[in-house]
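Read the structure below first, then the notes.
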Amino acid sequence: MKKILLTLLCICALSATANTDRKANIPLVYDVENTGAACPEPAYPALGQLPYIQPLTDPLLFSDGSRRAIDFKDWSRRRSEIANEIQHYEVGRKPAVNRSDIEAQMDGDTLIVRVKVNGNELKLKTLIIYPKTGEGPYPLMIGMNSIGGSIPRDVYADMPIAQMVFWSRQVNGYSQFGATDARDFERLYPDLNGNGAYIEWAWGVSRLIDGLQLLGPEKTKIDTRHIGVTGCSYAGKMSLFCGAFDERIALVVAQEPGGGGAAAWRVSHWLPAKVECIDNTDYHWFMPKLKDCFAGDSVSYLPYDHHELVAMCCPRACLILGNPDYEWLADPSAYVSCNAAKKVWEQYGVGDRFGYSIVAGHGHCQLPQIQFPEVKAFISRFLLGKDDVKTDNVAVAPQQFIDNYDYNKWISWWGTAAKPPVKL
């Protein structure tokens, strides 16, 4: 009876909080952080009990294998399963926070949010930069550790969009292949000291959004139905995790996120080049047990993969940007993963809300002008609400990827009666 009640609550959360696209009648964004908060958790088999699946896991298949989330009404529950599995096996828990434990204020144009948990306080502070055009409440783009992420200011020229920065060190310090910085998050949650940084950074961005909602547009001049996040490289991963784990974010623009971002762990493992993969990434960012359990060929025991992290953004908008000049970024893997993830948006008839653009000939985190149109289109449609802007068929990749990396072989078993093949 309890399981049935949780499922009903899970389904009801969708209808109560949606900001709906008039054309497709599918939500563009939600008013709550997690519509699946009341959904039952999946089972978490130990390594020896997990099936070995070498191709990509089916993002629509419920964890118990009983059926697929063909209808959109089932997606919130299936998405919740993916979120729980990623937390359990990869990054640790993102704790929910009661609104009564949050205080927010505006000091001029500076947003200050205080979170009080277990007798400790964590303060987040950031300046909101308002546009010189248009009238509030304004859409907002949150850059990871920099204004606009690595998107040049020219992209935003004449757009009535406010911007602010999420300063990740206010939650958890950056430490790549070195000593771990102090983690302020863990003063509030000492029992989560084994978390990976990405879920804690996602928690921090969610608390900023809490503050904006608590204060309201009268005080902040921000339209919380039109919030985007962006970042590049490790901050590209950060923006993807933030958008995947908070359904109040309407648009994710993840630039060159590399391995551990949009790239599927499985595909990266089988690439001939040396790339960022489970064997070779920063274990300040992820839980060490991810490597302990799933390094090497054991990656195929993962019950999910990162095409499902990307798909968690569905039905909201997501644009992945790549740069194949840098092998470490594992962009062939991202190409396969993005095409796999897009199948979820397409399943629900909103394939034009997802796109990818993998373009060479520029420096790392230096967005070239040839990618400006895709970025502007996604921002115009999903932050400014310009429904006449076209974002369908944004699928740009080098011809060598198209010729040499057949994504269909990774997903051809989806929806078939056959069990997933052990090998490709």
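Chain labels follow the order of the structure tokens: the first chain is A, the next B, and so on; residue numbering restarts at 1 in every chain, and ligands are counted from 1 in their shown order.
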Excluding same-chain residues fewer than 6 positions from A:Cys338, what lies within 12 Å of it counting only C-alpha atoms, as an mmCIF file with N, CA and C atoms, in the first residue's frame?
```
data_model
loop_
_atom_site.group_PDB
_atom_site.id
_atom_site.type_symbol
_atom_site.label_atom_id
_atom_site.label_comp_id
_atom_site.auth_asym_id
_atom_site.auth_seq_id
_atom_site.Cartn_x
_atom_site.Cartn_y
_atom_site.Cartn_z
ATOM 1 N N LEU A 56 24.965 0.463 -24.162
ATOM 2 C CA LEU A 56 24.398 1.453 -23.253
ATOM 3 C C LEU A 56 23.082 0.959 -22.659
ATOM 4 N N ALA A 254 26.040 22.960 -21.435
ATOM 5 C CA ALA A 254 27.254 22.338 -20.890
ATOM 6 C C ALA A 254 28.321 22.351 -21.983
ATOM 7 N N GLY A 261 31.065 13.895 -17.752
ATOM 8 C CA GLY A 261 30.008 14.836 -18.075
ATOM 9 C C GLY A 261 29.021 14.158 -19.008
ATOM 10 N N ALA A 262 28.966 14.642 -20.263
ATOM 11 C CA ALA A 262 28.048 14.040 -21.224
ATOM 12 C C ALA A 262 28.553 12.713 -21.769
ATOM 13 N N ALA A 263 29.853 12.500 -21.756
ATOM 14 C CA ALA A 263 30.420 11.266 -22.314
ATOM 15 C C ALA A 263 30.021 10.056 -21.467
ATOM 16 N N ALA A 264 29.627 8.990 -22.140
ATOM 17 C CA ALA A 264 29.251 7.762 -21.436
ATOM 18 C C ALA A 264 30.507 7.043 -20.955
ATOM 19 N N VAL A 267 31.442 3.973 -23.237
ATOM 20 C CA VAL A 267 32.023 4.265 -24.542
ATOM 21 C C VAL A 267 33.438 4.800 -24.385
ATOM 22 N N ASP A 305 24.291 4.883 -17.266
ATOM 23 C CA ASP A 305 25.487 5.535 -17.799
ATOM 24 C C ASP A 305 25.155 7.010 -18.039
ATOM 25 N N HIS A 306 26.120 7.778 -18.547
ATOM 26 C CA HIS A 306 25.931 9.231 -18.535
ATOM 27 C C HIS A 306 25.029 9.769 -19.631
ATOM 28 N N HIS A 307 24.636 8.956 -20.590
ATOM 29 C CA HIS A 307 23.536 9.386 -21.450
ATOM 30 C C HIS A 307 22.266 9.540 -20.625
ATOM 31 N N GLU A 308 22.190 8.820 -19.513
ATOM 32 C CA GLU A 308 21.037 8.939 -18.628
ATOM 33 C C GLU A 308 21.156 10.167 -17.721
ATOM 34 N N LEU A 309 22.371 10.552 -17.341
ATOM 35 C CA LEU A 309 22.557 11.825 -16.639
ATOM 36 C C LEU A 309 22.070 12.961 -17.519
ATOM 37 N N VAL A 310 22.455 12.949 -18.797
ATOM 38 C CA VAL A 310 21.987 13.971 -19.735
ATOM 39 C C VAL A 310 20.469 13.920 -19.855
ATOM 40 N N ALA A 311 19.919 12.717 -19.987
ATOM 41 C CA ALA A 311 18.476 12.558 -20.169
ATOM 42 C C ALA A 311 17.674 13.018 -18.964
ATOM 43 N N CYS A 318 18.391 21.270 -23.144
ATOM 44 C CA CYS A 318 19.803 20.980 -22.884
ATOM 45 C C CYS A 318 20.575 21.061 -24.195
ATOM 46 N N LEU A 319 21.712 21.753 -24.145
ATOM 47 C CA LEU A 319 22.617 21.864 -25.287
ATOM 48 C C LEU A 319 24.013 21.472 -24.828
ATOM 49 N N ILE A 320 24.605 20.474 -25.486
ATOM 50 C CA ILE A 320 25.955 20.016 -25.177
ATOM 51 C C ILE A 320 26.903 20.519 -26.262
ATOM 52 N N LEU A 321 28.001 21.152 -25.855
ATOM 53 C CA LEU A 321 28.995 21.684 -26.788
ATOM 54 C C LEU A 321 30.304 20.925 -26.618
ATOM 55 N N GLY A 322 30.917 20.532 -27.750
ATOM 56 C CA GLY A 322 32.153 19.765 -27.685
ATOM 57 C C GLY A 322 33.266 20.374 -28.511
ATOM 58 N N ASP A 331 35.226 13.256 -26.785
ATOM 59 C CA ASP A 331 34.057 13.687 -27.542
ATOM 60 C C ASP A 331 33.444 12.614 -28.440
ATOM 61 N N PRO A 332 34.197 11.613 -28.938
ATOM 62 C CA PRO A 332 33.491 10.515 -29.623
ATOM 63 C C PRO A 332 32.485 9.830 -28.701
ATOM 64 N N VAL A 344 15.282 9.989 -25.565
ATOM 65 C CA VAL A 344 14.292 10.229 -24.502
ATOM 66 C C VAL A 344 13.428 11.429 -24.861
ATOM 67 N N TRP A 345 14.050 12.545 -25.256
ATOM 68 C CA TRP A 345 13.274 13.716 -25.684
ATOM 69 C C TRP A 345 12.364 13.349 -26.859
ATOM 70 N N GLY A 351 11.896 16.474 -29.152
ATOM 71 C CA GLY A 351 13.285 16.322 -29.554
ATOM 72 C C GLY A 351 13.988 17.630 -29.850
ATOM 73 N N PHE A 354 16.601 19.315 -27.224
ATOM 74 C CA PHE A 354 17.948 18.821 -26.972
ATOM 75 C C PHE A 354 18.791 18.968 -28.228
ATOM 76 N N GLY A 355 20.053 19.359 -28.037
ATOM 77 C CA GLY A 355 20.954 19.463 -29.167
ATOM 78 C C GLY A 355 22.395 19.298 -28.743
ATOM 79 N N TYR A 356 23.251 19.027 -29.719
ATOM 80 C CA TYR A 356 24.688 18.970 -29.456
ATOM 81 C C TYR A 356 25.429 19.567 -30.641
ATOM 82 N N SER A 357 26.568 20.165 -30.351
ATOM 83 C CA SER A 357 27.405 20.785 -31.382
ATOM 84 C C SER A 357 28.861 20.530 -31.021
ATOM 85 N N ILE A 358 29.525 19.668 -31.780
ATOM 86 C CA ILE A 358 30.914 19.275 -31.540
ATOM 87 C C ILE A 358 31.747 19.820 -32.695
ATOM 88 N N VAL A 394 19.566 20.287 -34.160
ATOM 89 C CA VAL A 394 20.883 20.772 -33.738
ATOM 90 C C VAL A 394 21.705 19.543 -33.365
ATOM 91 N N ALA A 395 22.401 19.010 -34.343
ATOM 92 C CA ALA A 395 23.188 17.784 -34.176
ATOM 93 C C ALA A 395 24.418 17.903 -35.064
ATOM 94 N N VAL A 396 25.443 18.552 -34.543
ATOM 95 C CA VAL A 396 26.651 18.862 -35.314
ATOM 96 C C VAL A 396 27.817 18.044 -34.770
ATOM 97 N N ALA A 397 28.486 17.301 -35.651
ATOM 98 C CA ALA A 397 29.636 16.486 -35.246
ATOM 99 C C ALA A 397 30.570 16.339 -36.436
ATOM 100 N N TYR A 407 26.531 5.028 -33.236
ATOM 101 C CA TYR A 407 25.835 5.014 -31.950
ATOM 102 C C TYR A 407 24.711 3.987 -31.916
ATOM 103 N N ASN A 408 24.211 3.605 -33.080
ATOM 104 C CA ASN A 408 23.089 2.660 -33.098
ATOM 105 C C ASN A 408 23.462 1.307 -32.498
ATOM 106 N N TRP A 410 25.144 0.748 -29.997
ATOM 107 C CA TRP A 410 25.107 0.839 -28.537
ATOM 108 C C TRP A 410 23.679 0.801 -27.990
ATOM 109 N N ILE A 411 22.689 1.100 -28.849
ATOM 110 C CA ILE A 411 21.316 1.257 -28.359
ATOM 111 C C ILE A 411 20.308 0.384 -29.098
#
```
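The protein and nucleic acid residues lying at most 8 Å from stretch 234-236 of chain A are Met144, Asn145, Gly149, Val253, Ala254, Gln255, Glu256, Pro257, Gly258 and Gly261 of chain A, with only C-alpha atoms considered and sequence neighbours fewer than 6 positions away removed.
Considering the residues A:Ala46, A:Ile227, A:Ala202, A:Met287 and counting only C-alpha atoms, A:Ile161 has its shortest atom-to-atom contact with A:Ile227.
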Shortest contact to A:Glu41, candidates A:Glu90, A:Arg78, A:Trp167, A:Phe401, atoms counted only C-alpha atoms, goes to A:Arg78
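Of the listed residues A:Gln163, A:Gln369, A:Ser298, A:Gln105, the one whose atoms come nearest to A:Thr220 is A:Gln105, with distances taken using only C-alpha atoms.
Minimum distance to A:Tyr156 across A:Tyr304, A:Tyr130, A:Phe241, A:Phe294 (counting only C-alpha atoms) occurs at A:Tyr130.
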Write out as a VMD selection string all residues of stretch 257-389 of chain A that DSSP puts in helix (DSSP H, G or I) for this structure's backbone.
chain A and resid 265 to 269 288 to 294 296 to 301 306 to 311 327 to 329 331 to 347 351 to 353 369 to 382
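Note that atom CA of A:Glu374 and atom CA of A:Leu60 are 27.4 Å apart.
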With only C-alpha atoms as the basis for distance, which of A:Pro288, A:Gly211, A:Pro421, A:Gly228 is at the shortest distance from A:Thr110?
A:Gly211
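Nearest residue to A:Phe185, choosing from A:Ala38, A:Leu240, A:Val117, A:Ile82 and counting only C-alpha atoms: A:Val117.
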Report the residues of stretch 81-264 of chain A whose backbone DSSP state falls under strand (DSSP E), written as a count of residues only.
52
Residues near A:Thr126, anyone? I mean within 8 Å using only C-alpha atoms, not counting same-chain ones fewer than 5 positions away, as a ChimeraX atom specification.
/A:110-112,164-167
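For the pair atom CA of A:Lys386 and atom CA of A:Pro373, the interatomic distance is 14.5 Å.
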